file query38.txt (compact mmCIF, C-alpha atoms)
# COMPACT_ATOMS: atom_id res chain seq x y z
CA MET A 95 0.00 0.00 0.00
CA SER A 96 1.43 3.37 -1.01
CA ILE A 97 1.66 6.10 1.60
CA ALA A 98 0.25 9.53 0.71
CA PRO A 99 2.95 12.22 0.47
CA GLU A 100 3.21 14.72 3.28
CA PRO A 101 0.51 17.36 2.75
CA LYS A 102 1.38 21.03 2.55
CA VAL A 103 -0.78 23.40 4.58
CA LEU A 104 -1.00 27.20 4.37
CA PHE A 105 -2.37 28.93 7.48
CA ILE A 106 -3.68 32.48 7.05
CA LEU A 107 -3.49 34.90 10.00
CA SER A 108 -4.85 38.43 10.32
CA SER A 109 -2.50 41.43 10.33
CA HIS A 110 -5.09 43.66 12.04
CA SER A 111 -4.31 44.56 15.65
CA GLN A 112 -6.97 47.05 16.77
CA PHE A 113 -10.64 46.40 17.51
CA GLY A 114 -12.26 49.10 15.39
CA ASP A 115 -11.92 52.49 17.07
CA THR A 116 -12.19 51.12 20.60
CA GLY A 117 -8.44 50.96 21.19
CA LYS A 118 -8.91 47.37 22.31
CA PRO A 119 -6.24 45.02 20.92
CA THR A 120 -7.27 42.12 18.73
CA GLY A 121 -5.73 39.90 16.06
CA TRP A 122 -5.88 36.14 15.57
CA PHE A 123 -7.18 33.80 18.28
CA LEU A 124 -4.68 31.47 19.93
CA PRO A 125 -6.55 28.11 20.12
CA GLU A 126 -7.75 28.46 16.54
CA PHE A 127 -4.15 28.16 15.35
CA ALA A 128 -2.64 26.15 18.22
CA HIS A 129 -5.09 23.26 18.15
CA PRO A 130 -5.14 22.59 14.39
CA TYR A 131 -1.37 23.05 14.28
CA ALA A 132 -0.93 20.37 16.94
CA VAL A 133 -3.02 17.97 14.84
CA LEU A 134 -1.37 18.77 11.51
CA ALA A 135 2.28 19.47 12.33
CA PRO A 136 3.29 15.80 12.88
CA HIS A 137 1.92 14.93 9.43
CA ALA A 138 2.23 18.05 7.27
CA LYS A 139 4.58 20.78 6.12
CA ILE A 140 3.29 24.07 7.52
CA PHE A 141 3.45 27.54 5.96
CA VAL A 142 2.04 30.75 7.48
CA ALA A 143 1.03 33.97 5.72
CA SER A 144 -0.77 37.22 6.53
CA PRO A 145 -1.89 40.25 4.50
CA THR A 146 1.14 42.40 5.35
CA GLY A 147 3.65 39.69 6.27
CA GLY A 148 5.95 39.98 9.28
CA GLU A 149 4.48 39.63 12.76
CA ALA A 150 0.79 38.75 12.83
CA PRO A 151 -0.80 40.14 16.02
CA LEU A 152 -1.91 37.53 18.52
CA ASP A 153 -5.01 38.61 20.46
CA PRO A 154 -3.71 38.96 24.04
CA GLY A 155 -7.15 38.17 25.40
CA SER A 156 -6.99 34.72 23.84
CA VAL A 157 -3.66 34.05 25.56
CA GLU A 158 -5.22 34.88 28.92
CA LEU A 159 -8.42 32.91 28.27
CA PHE A 160 -6.51 29.77 27.30
CA LYS A 161 -3.53 30.03 29.65
CA GLU A 162 -4.48 26.74 31.31
CA ASP A 163 -4.96 24.90 28.01
CA PRO A 164 -1.86 22.69 27.64
CA VAL A 165 -1.87 22.74 23.83
CA CYS A 166 -2.17 26.52 23.71
CA LYS A 167 0.42 26.97 26.44
CA THR A 168 3.02 24.83 24.68
CA PHE A 169 2.29 26.40 21.31
CA HIS A 170 2.57 29.93 22.71
CA GLN A 171 5.86 29.15 24.43
CA GLN A 172 7.54 27.17 21.66
CA GLN A 173 6.15 28.22 18.27
CA SER A 174 6.22 32.04 18.26
CA HIS A 175 8.39 32.00 15.12
CA LEU A 176 5.30 30.88 13.20
CA TRP A 177 3.46 34.18 13.72
CA LYS A 178 6.37 36.57 14.24
CA ASN A 179 7.76 36.12 10.75
CA THR A 180 4.86 35.36 8.40
CA ASP A 181 5.07 35.52 4.62
CA LYS A 182 2.87 37.90 2.62
CA LEU A 183 -0.30 36.48 1.15
CA ASP A 184 0.70 37.79 -2.26
CA ASN A 185 3.71 35.46 -2.32
CA TYR A 186 1.40 32.44 -2.58
CA ILE A 187 -0.82 33.58 -5.42
CA GLY A 188 -0.45 31.14 -8.29
CA LYS A 189 0.98 28.42 -6.04
CA ALA A 190 -2.18 26.63 -4.90
CA VAL A 191 -1.29 23.60 -7.00
CA ASP A 192 1.68 22.99 -4.67
CA PHE A 193 -0.52 22.80 -1.55
CA ASP A 194 -3.32 20.65 -0.14
CA LEU A 195 -5.08 22.87 2.42
CA ILE A 196 -5.54 26.57 3.11
CA PHE A 197 -6.81 27.33 6.64
CA VAL A 198 -8.01 30.78 7.73
CA VAL A 199 -7.58 31.26 11.49
CA GLY A 200 -10.19 33.30 13.33
CA GLY A 201 -10.12 36.04 15.91
CA HIS A 202 -11.81 39.39 15.38
CA GLY A 203 -8.89 40.73 13.31
CA PRO A 204 -10.02 39.02 10.06
CA LEU A 205 -13.28 41.00 10.08
CA TRP A 206 -11.23 44.07 9.19
CA ASP A 207 -8.47 42.80 6.90
CA LEU A 208 -9.61 39.52 5.34
CA THR A 209 -13.28 40.12 4.47
CA ASP A 210 -12.57 42.30 1.41
CA ASN A 211 -8.91 41.44 0.83
CA PRO A 212 -8.33 40.92 -2.93
CA SER A 213 -5.23 38.75 -2.38
CA SER A 214 -7.04 36.54 0.13
CA GLN A 215 -10.05 36.17 -2.18
CA LYS A 216 -7.84 35.27 -5.14
CA LEU A 217 -5.82 32.79 -3.12
CA LEU A 218 -8.86 31.04 -1.64
CA GLY A 219 -10.47 30.82 -5.05
CA GLU A 220 -7.29 29.39 -6.57
CA PHE A 221 -7.06 26.73 -3.88
CA TYR A 222 -10.62 25.62 -4.51
CA ASP A 223 -10.31 25.74 -8.30
CA SER A 224 -7.11 23.67 -8.05
CA GLY A 225 -8.96 20.88 -6.27
CA LYS A 226 -7.59 21.69 -2.82
CA VAL A 227 -9.39 22.03 0.52
CA VAL A 228 -10.43 25.47 1.81
CA ALA A 229 -11.02 25.79 5.56
CA ALA A 230 -11.84 28.56 8.02
CA VAL A 231 -12.77 28.74 11.68
CA CYS A 232 -14.83 31.17 13.74
CA HIS A 233 -14.48 34.77 12.41
CA GLY A 234 -12.06 33.41 9.81
CA SER A 235 -15.13 32.42 7.79
CA CYS A 236 -15.48 36.10 6.87
CA ALA A 237 -12.66 35.52 4.38
CA LEU A 238 -15.02 33.29 2.38
CA LEU A 239 -17.84 35.83 2.05
CA ASN A 240 -16.67 37.32 -1.25
CA VAL A 241 -14.67 34.46 -2.76
CA LYS A 242 -15.75 33.49 -6.27
CA ILE A 243 -14.88 30.17 -7.87
CA ALA A 244 -14.28 29.34 -11.53
CA ASN A 245 -17.97 29.13 -12.47
CA GLY A 246 -18.49 32.69 -11.19
CA GLU A 247 -20.55 31.89 -8.11
CA LEU A 248 -19.62 32.60 -4.52
CA ILE A 249 -17.87 29.68 -2.86
CA ILE A 250 -20.40 29.63 0.00
CA ASN A 251 -23.48 29.91 -2.21
CA ASP A 252 -26.03 27.20 -1.40
CA GLN A 253 -23.43 25.40 0.75
CA PRO A 254 -23.40 24.38 4.42
CA VAL A 255 -21.24 26.92 6.26
CA THR A 256 -20.65 28.13 9.79
CA GLY A 257 -18.78 30.78 11.74
CA PHE A 258 -19.04 32.68 15.02
CA SER A 259 -22.73 33.00 15.86
CA ASP A 260 -24.70 36.08 16.88
CA ASP A 261 -25.45 34.44 20.23
CA GLU A 262 -21.75 33.96 20.90
CA GLU A 263 -20.97 37.54 19.84
CA LYS A 264 -23.60 38.80 22.27
CA GLN A 265 -22.21 36.68 25.08
CA VAL A 266 -18.78 38.26 24.70
CA GLY A 267 -20.41 41.71 24.56
CA LEU A 268 -19.04 42.69 21.18
CA GLN A 269 -22.12 42.61 18.95
CA GLU A 270 -22.17 46.42 18.75
CA ALA A 271 -18.43 46.76 18.17
CA VAL A 272 -17.94 44.40 15.23
CA PRO A 273 -18.27 45.89 11.72
CA PHE A 274 -20.95 43.33 10.81
CA SER A 275 -22.68 40.19 12.01
CA LEU A 276 -20.84 37.22 10.51
CA GLU A 277 -23.86 34.94 10.87
CA THR A 278 -26.07 37.43 9.02
CA GLU A 279 -23.56 38.01 6.21
CA LEU A 280 -22.97 34.30 5.62
CA ILE A 281 -26.73 33.92 5.15
CA LYS A 282 -27.01 37.03 2.95
CA LYS A 283 -24.32 35.67 0.64
CA GLY A 284 -26.34 32.51 0.10
CA GLY A 285 -24.70 30.21 2.63
CA LYS A 286 -26.73 27.57 4.45
CA TYR A 287 -25.67 28.71 7.89
CA GLU A 288 -25.42 26.06 10.61
CA LYS A 289 -24.50 26.22 14.29
CA ALA A 290 -24.27 24.04 17.37
CA SER A 291 -27.36 23.48 19.49
CA ALA A 292 -25.85 25.69 22.20
CA PRO A 293 -23.29 28.53 22.08
CA TRP A 294 -19.62 27.50 22.31
CA GLY A 295 -20.32 23.90 21.35
CA PRO A 296 -18.22 22.51 18.50
CA HIS A 297 -19.79 22.49 15.07
CA ILE A 298 -18.19 21.79 11.69
CA SER A 299 -19.91 22.35 8.36
CA VAL A 300 -18.75 20.57 5.22
CA GLY A 301 -19.57 21.93 1.77
CA ARG A 302 -18.38 21.61 -1.81
CA ASN A 303 -18.11 17.81 -1.63
CA GLY A 304 -15.67 17.96 1.26
CA ARG A 305 -13.51 20.75 -0.10
CA MET A 306 -14.90 23.58 2.03
CA ILE A 307 -14.72 22.99 5.78
CA THR A 308 -15.76 25.63 8.31
CA GLY A 309 -15.87 25.62 12.10
CA GLN A 310 -18.13 27.73 14.29
CA ASN A 311 -15.85 28.69 17.17
CA PRO A 312 -12.60 27.85 19.02
CA ALA A 313 -13.95 24.45 20.07
CA SER A 314 -14.31 23.52 16.39
CA ALA A 315 -10.75 24.28 15.24
CA GLU A 316 -9.15 20.94 16.10
CA GLY A 317 -11.92 18.99 14.39
CA ILE A 318 -11.34 20.80 11.09
CA ALA A 319 -7.72 19.62 11.04
CA GLU A 320 -8.74 16.08 11.95
CA LEU A 321 -11.34 16.00 9.20
CA PHE A 322 -8.86 17.28 6.62
CA LEU A 323 -6.38 14.54 7.51
CA LYS A 324 -9.13 11.95 7.24
CA TYR A 325 -10.02 13.17 3.75
CA TYR A 326 -6.39 13.48 2.69
CA ASN A 327 -5.40 10.03 3.88
CA SER A 328 -8.39 8.51 2.16
CA GLY A 329 -7.23 9.97 -1.13
CA ARG A 330 -9.61 12.97 -1.28
CA LYS A 331 -6.97 15.60 -1.87
call {"tool": "encode", "arguments": {"input": "query38.txt", "output": "structure tokens"}}
result
Amino acid sequence: MSIAPEPKVLFILSSHSQFGDTGKPTGWFLPEFAHPYAVLAPHAKIFVASPTGGEAPLDPGSVELFKEDPVCKTFHQQQSHLWKNTDKLDNYIGKAVDFDLIFVVGGHGPLWDLTDNPSSQKLLGEFYDSGKVVAAVCHGSCALLNVKIANGELIINDQPVTGFSDDEEKQVGLQEAVPFSLETELIKKGGKYEKASAPWGPHISVGRNGRMITGQNPASAEGIAELFLKYYNSGRK
């Protein structure tokens, strides 16, 4: 039996560090990178990019919230090189054929710099059109809102999709501070929005015949990586 070659994974992090005009720091959310990385790193070659390159801001609130989480703690202590020296998104345009998965990490930062980012949209579309898997977790799903695929339709159109819910946004008290409701926009763009039966529960939506995987919240991040490996190892690359 032949063994599948080591997959290549491109993680996308936000470069946005401020929560609107509140002065509150934001960025990407620790467990949404740490947990999938822990699943994928033993089996895959990992690359990390952001809109501006260089250091991608880690939301300090997520470090505090998950300071007792052993996976997050180890990742934060040992893997800072991954987010302190990211490549620019532009450097990967035209290279989707060389990869197997693109994974957009959440946090509130992406709402500002990945929702309407032309490079991100092009890259995500290229990955899908090249037969690769496109994934996003929590607020990272905003990066899919305006992505068009080869047939001209939006990637989320008429597809199961999830992301941070309105109920969860209200529970963290930020529903009035975010630039838009992710749940509402995913529905407006034609997505078949799904969510867990209760806030903060894990939920993963699979669309596009297994090639678009989204997770609702931090608890869903690890499962996305596990599902990708299952697909990859079964030959669904």
call {"tool": "residues_around", "arguments": {"input": "query38.txt", "residues": "range 165-169 of chain A", "least_positions_apart": "2", "cutoff": "9 Å", "atoms": "only C-alpha atoms", "output": "number ranges by chain"}}
result
A: 124-125, 127-129, 131-132, 157, 160-163, 171-174
call {"tool": "write_last_selection", "arguments": {"input": "query38.txt", "atoms": "C-alpha atoms", "output": "tab-separated table (two decimals), keeping the file's coordinate frame"}}
result
chain	number	residue	atom	x	y	z
A	124	LEU	CA	-4.68	31.47	19.93
A	125	PRO	CA	-6.55	28.11	20.12
A	127	PHE	CA	-4.15	28.16	15.35
A	128	ALA	CA	-2.64	26.15	18.22
A	129	HIS	CA	-5.09	23.26	18.15
A	131	TYR	CA	-1.37	23.05	14.28
A	132	ALA	CA	-0.93	20.37	16.94
A	157	VAL	CA	-3.66	34.05	25.56
A	160	PHE	CA	-6.51	29.77	27.30
A	161	LYS	CA	-3.53	30.03	29.65
A	162	GLU	CA	-4.48	26.74	31.31
A	163	ASP	CA	-4.96	24.90	28.01
A	171	GLN	CA	5.86	29.15	24.43
A	172	GLN	CA	7.54	27.17	21.66
A	173	GLN	CA	6.15	28.22	18.27
A	174	SER	CA	6.22	32.04	18.26
call {"tool": "closest_residue", "arguments": {"input": "query38.txt", "among": "A:Gly301, A:Gly188, A:Gly234, A:Gly155", "to": "Lys286 in chain A", "atoms": "only C-alpha atoms"}}
result
A:Gly301
call {"tool": "residues_around", "arguments": {"input": "query38.txt", "residues": "Lys242 in chain A", "least_positions_apart": "6", "cutoff": "12 Å", "atoms": "all atoms listed in the file", "output": "ChimeraX atom specification"}}
result
/A:212,214-223,248-251,283
call {"tool": "residues_around", "arguments": {"input": "query38.txt", "residues": "Pro101 in chain A", "least_positions_apart": "2", "cutoff": "9 Å", "atoms": "all atoms listed in the file", "output": "JSON, numbers by chain"}}
result
{"A": [98, 99, 103, 137, 138, 139, 140, 193, 194, 195, 323, 326, 331]}
call {"tool": "atom_distance", "arguments": {"input": "query38.txt", "atom1": "CA of Phe322 in chain A", "atom2": "CA of Thr308 in chain A"}}
result
11.0 Å
call {"tool": "closest_residue", "arguments": {"input": "query38.txt", "among": "A:Leu276, A:Leu152, A:Val199, A:Val300", "to": "Pro254 in chain A", "atoms": "only C-alpha atoms"}}
result
A:Val300
call {"tool": "residues_around", "arguments": {"input": "query38.txt", "residues": "range 109-117 of chain A", "least_positions_apart": "5", "cutoff": "7 Å", "atoms": "all atoms listed in the file", "output": "PDB file with C-alpha atoms, in the coordinates of the input"}}
result
ATOM      1  CA  SER A 144      -0.770  37.220   6.530  1.00  0.00           C
ATOM      2  CA  PRO A 145      -1.890  40.250   4.500  1.00  0.00           C
ATOM      3  CA  THR A 146       1.140  42.400   5.350  1.00  0.00           C
ATOM      4  CA  ALA A 150       0.790  38.750  12.830  1.00  0.00           C
ATOM      5  CA  PRO A 151      -0.800  40.140  16.020  1.00  0.00           C
ATOM      6  CA  GLY A 203      -8.890  40.730  13.310  1.00  0.00           C
ATOM      7  CA  TRP A 206     -11.230  44.070   9.190  1.00  0.00           C
ATOM      8  CA  ASP A 207      -8.470  42.800   6.900  1.00  0.00           C
TER       9      ASP A 207
END
call {"tool": "atom_distance", "arguments": {"input": "query38.txt", "atom1": "CA of Lys289 in chain A", "atom2": "CA of Pro119 in chain A"}}
result
27.0 Å
call {"tool": "atom_distance", "arguments": {"input": "query38.txt", "atom1": "CA of Ser314 in chain A", "atom2": "CA of Phe141 in chain A"}}
result
21.0 Å
call {"tool": "axis_aligned_box", "arguments": {"input": "query38.txt", "around": "range 250-254 of chain A", "padding_each_side": "8 Å", "output": "lines of an AutoDock Vina configuration file"}}
result
center_x = -23.2
center_y = 27.1
center_z = 1.1
size_x = 21.6
size_y = 21.5
size_z = 22.6
call {"tool": "build_atoms", "arguments": {"input": "query38.txt", "residues": "range 223-257 of chain A", "atoms": "N, CA and C atoms", "output": "compact mmCIF listing (two decimals), keeping the file's coordinate frame"}}
result
# COMPACT_ATOMS: atom_id res chain seq x y z
N ASP A 223 -10.30 26.07 -6.87
CA ASP A 223 -10.31 25.74 -8.30
C ASP A 223 -9.22 24.75 -8.67
N SER A 224 -8.20 24.63 -7.81
CA SER A 224 -7.11 23.67 -8.05
C SER A 224 -7.39 22.31 -7.41
N GLY A 225 -8.59 22.16 -6.85
CA GLY A 225 -8.96 20.88 -6.27
C GLY A 225 -8.49 20.68 -4.84
N LYS A 226 -8.10 21.77 -4.19
CA LYS A 226 -7.59 21.69 -2.82
C LYS A 226 -8.71 21.95 -1.81
N VAL A 227 -8.40 21.80 -0.53
CA VAL A 227 -9.39 22.03 0.52
C VAL A 227 -9.24 23.44 1.08
N VAL A 228 -10.36 24.12 1.23
CA VAL A 228 -10.43 25.47 1.81
C VAL A 228 -11.11 25.36 3.17
N ALA A 229 -10.46 25.89 4.21
CA ALA A 229 -11.02 25.79 5.56
C ALA A 229 -10.92 27.13 6.28
N ALA A 230 -11.85 27.35 7.20
CA ALA A 230 -11.84 28.56 8.02
C ALA A 230 -12.55 28.26 9.33
N VAL A 231 -12.15 28.95 10.38
CA VAL A 231 -12.77 28.74 11.68
C VAL A 231 -13.18 30.07 12.30
N CYS A 232 -14.32 30.04 12.97
CA CYS A 232 -14.83 31.17 13.74
C CYS A 232 -14.97 32.41 12.85
N HIS A 233 -14.39 33.57 13.24
CA HIS A 233 -14.48 34.77 12.41
C HIS A 233 -13.67 34.63 11.13
N GLY A 234 -12.82 33.63 11.04
CA GLY A 234 -12.06 33.41 9.81
C GLY A 234 -12.96 33.13 8.62
N SER A 235 -14.19 32.68 8.88
CA SER A 235 -15.13 32.42 7.79
C SER A 235 -15.49 33.68 7.02
N CYS A 236 -15.21 34.85 7.60
CA CYS A 236 -15.48 36.10 6.87
C CYS A 236 -14.66 36.17 5.59
N ALA A 237 -13.52 35.50 5.57
CA ALA A 237 -12.66 35.52 4.38
C ALA A 237 -13.31 34.83 3.19
N LEU A 238 -14.34 34.02 3.44
CA LEU A 238 -15.02 33.29 2.38
C LEU A 238 -16.20 34.07 1.79
N LEU A 239 -16.62 35.14 2.44
CA LEU A 239 -17.84 35.83 2.05
C LEU A 239 -17.85 36.29 0.60
N ASN A 240 -16.72 36.74 0.09
CA ASN A 240 -16.67 37.32 -1.25
C ASN A 240 -15.78 36.55 -2.21
N VAL A 241 -15.51 35.29 -1.90
CA VAL A 241 -14.67 34.46 -2.76
C VAL A 241 -15.51 33.85 -3.88
N LYS A 242 -15.08 34.09 -5.12
CA LYS A 242 -15.75 33.49 -6.27
C LYS A 242 -14.91 32.35 -6.82
N ILE A 243 -15.57 31.30 -7.27
CA ILE A 243 -14.88 30.17 -7.87
C ILE A 243 -15.02 30.24 -9.39
N ALA A 244 -14.43 29.26 -10.07
CA ALA A 244 -14.28 29.34 -11.53
C ALA A 244 -15.59 29.55 -12.27
N ASN A 245 -16.69 28.99 -11.76
CA ASN A 245 -17.97 29.13 -12.47
C ASN A 245 -18.65 30.47 -12.20
N GLY A 246 -17.99 31.34 -11.43
CA GLY A 246 -18.49 32.69 -11.19
C GLY A 246 -19.35 32.86 -9.96
N GLU A 247 -19.71 31.76 -9.30
CA GLU A 247 -20.55 31.89 -8.11
C GLU A 247 -19.70 32.00 -6.85
N LEU A 248 -20.31 32.51 -5.80
CA LEU A 248 -19.62 32.60 -4.52
C LEU A 248 -19.38 31.21 -3.96
N ILE A 249 -18.23 31.01 -3.34
CA ILE A 249 -17.87 29.68 -2.86
C ILE A 249 -18.86 29.16 -1.82
N ILE A 250 -19.48 30.08 -1.04
CA ILE A 250 -20.40 29.63 0.00
C ILE A 250 -21.84 29.50 -0.49
N ASN A 251 -22.10 29.91 -1.72
CA ASN A 251 -23.48 29.91 -2.21
C ASN A 251 -24.12 28.53 -2.18
N ASP A 252 -25.24 28.43 -1.49
CA ASP A 252 -26.03 27.20 -1.40
C ASP A 252 -25.25 26.05 -0.75
N GLN A 253 -24.27 26.41 0.10
CA GLN A 253 -23.43 25.40 0.75
C GLN A 253 -23.57 25.48 2.27
N PRO A 254 -23.46 24.34 2.96
CA PRO A 254 -23.40 24.38 4.42
C PRO A 254 -22.17 25.17 4.86
N VAL A 255 -22.35 26.09 5.80
CA VAL A 255 -21.24 26.92 6.26
C VAL A 255 -21.53 27.36 7.68
N THR A 256 -20.48 27.62 8.43
CA THR A 256 -20.65 28.13 9.79
C THR A 256 -19.56 29.14 10.11
N GLY A 257 -19.70 29.77 11.25
CA GLY A 257 -18.78 30.78 11.74
C GLY A 257 -19.33 31.27 13.07
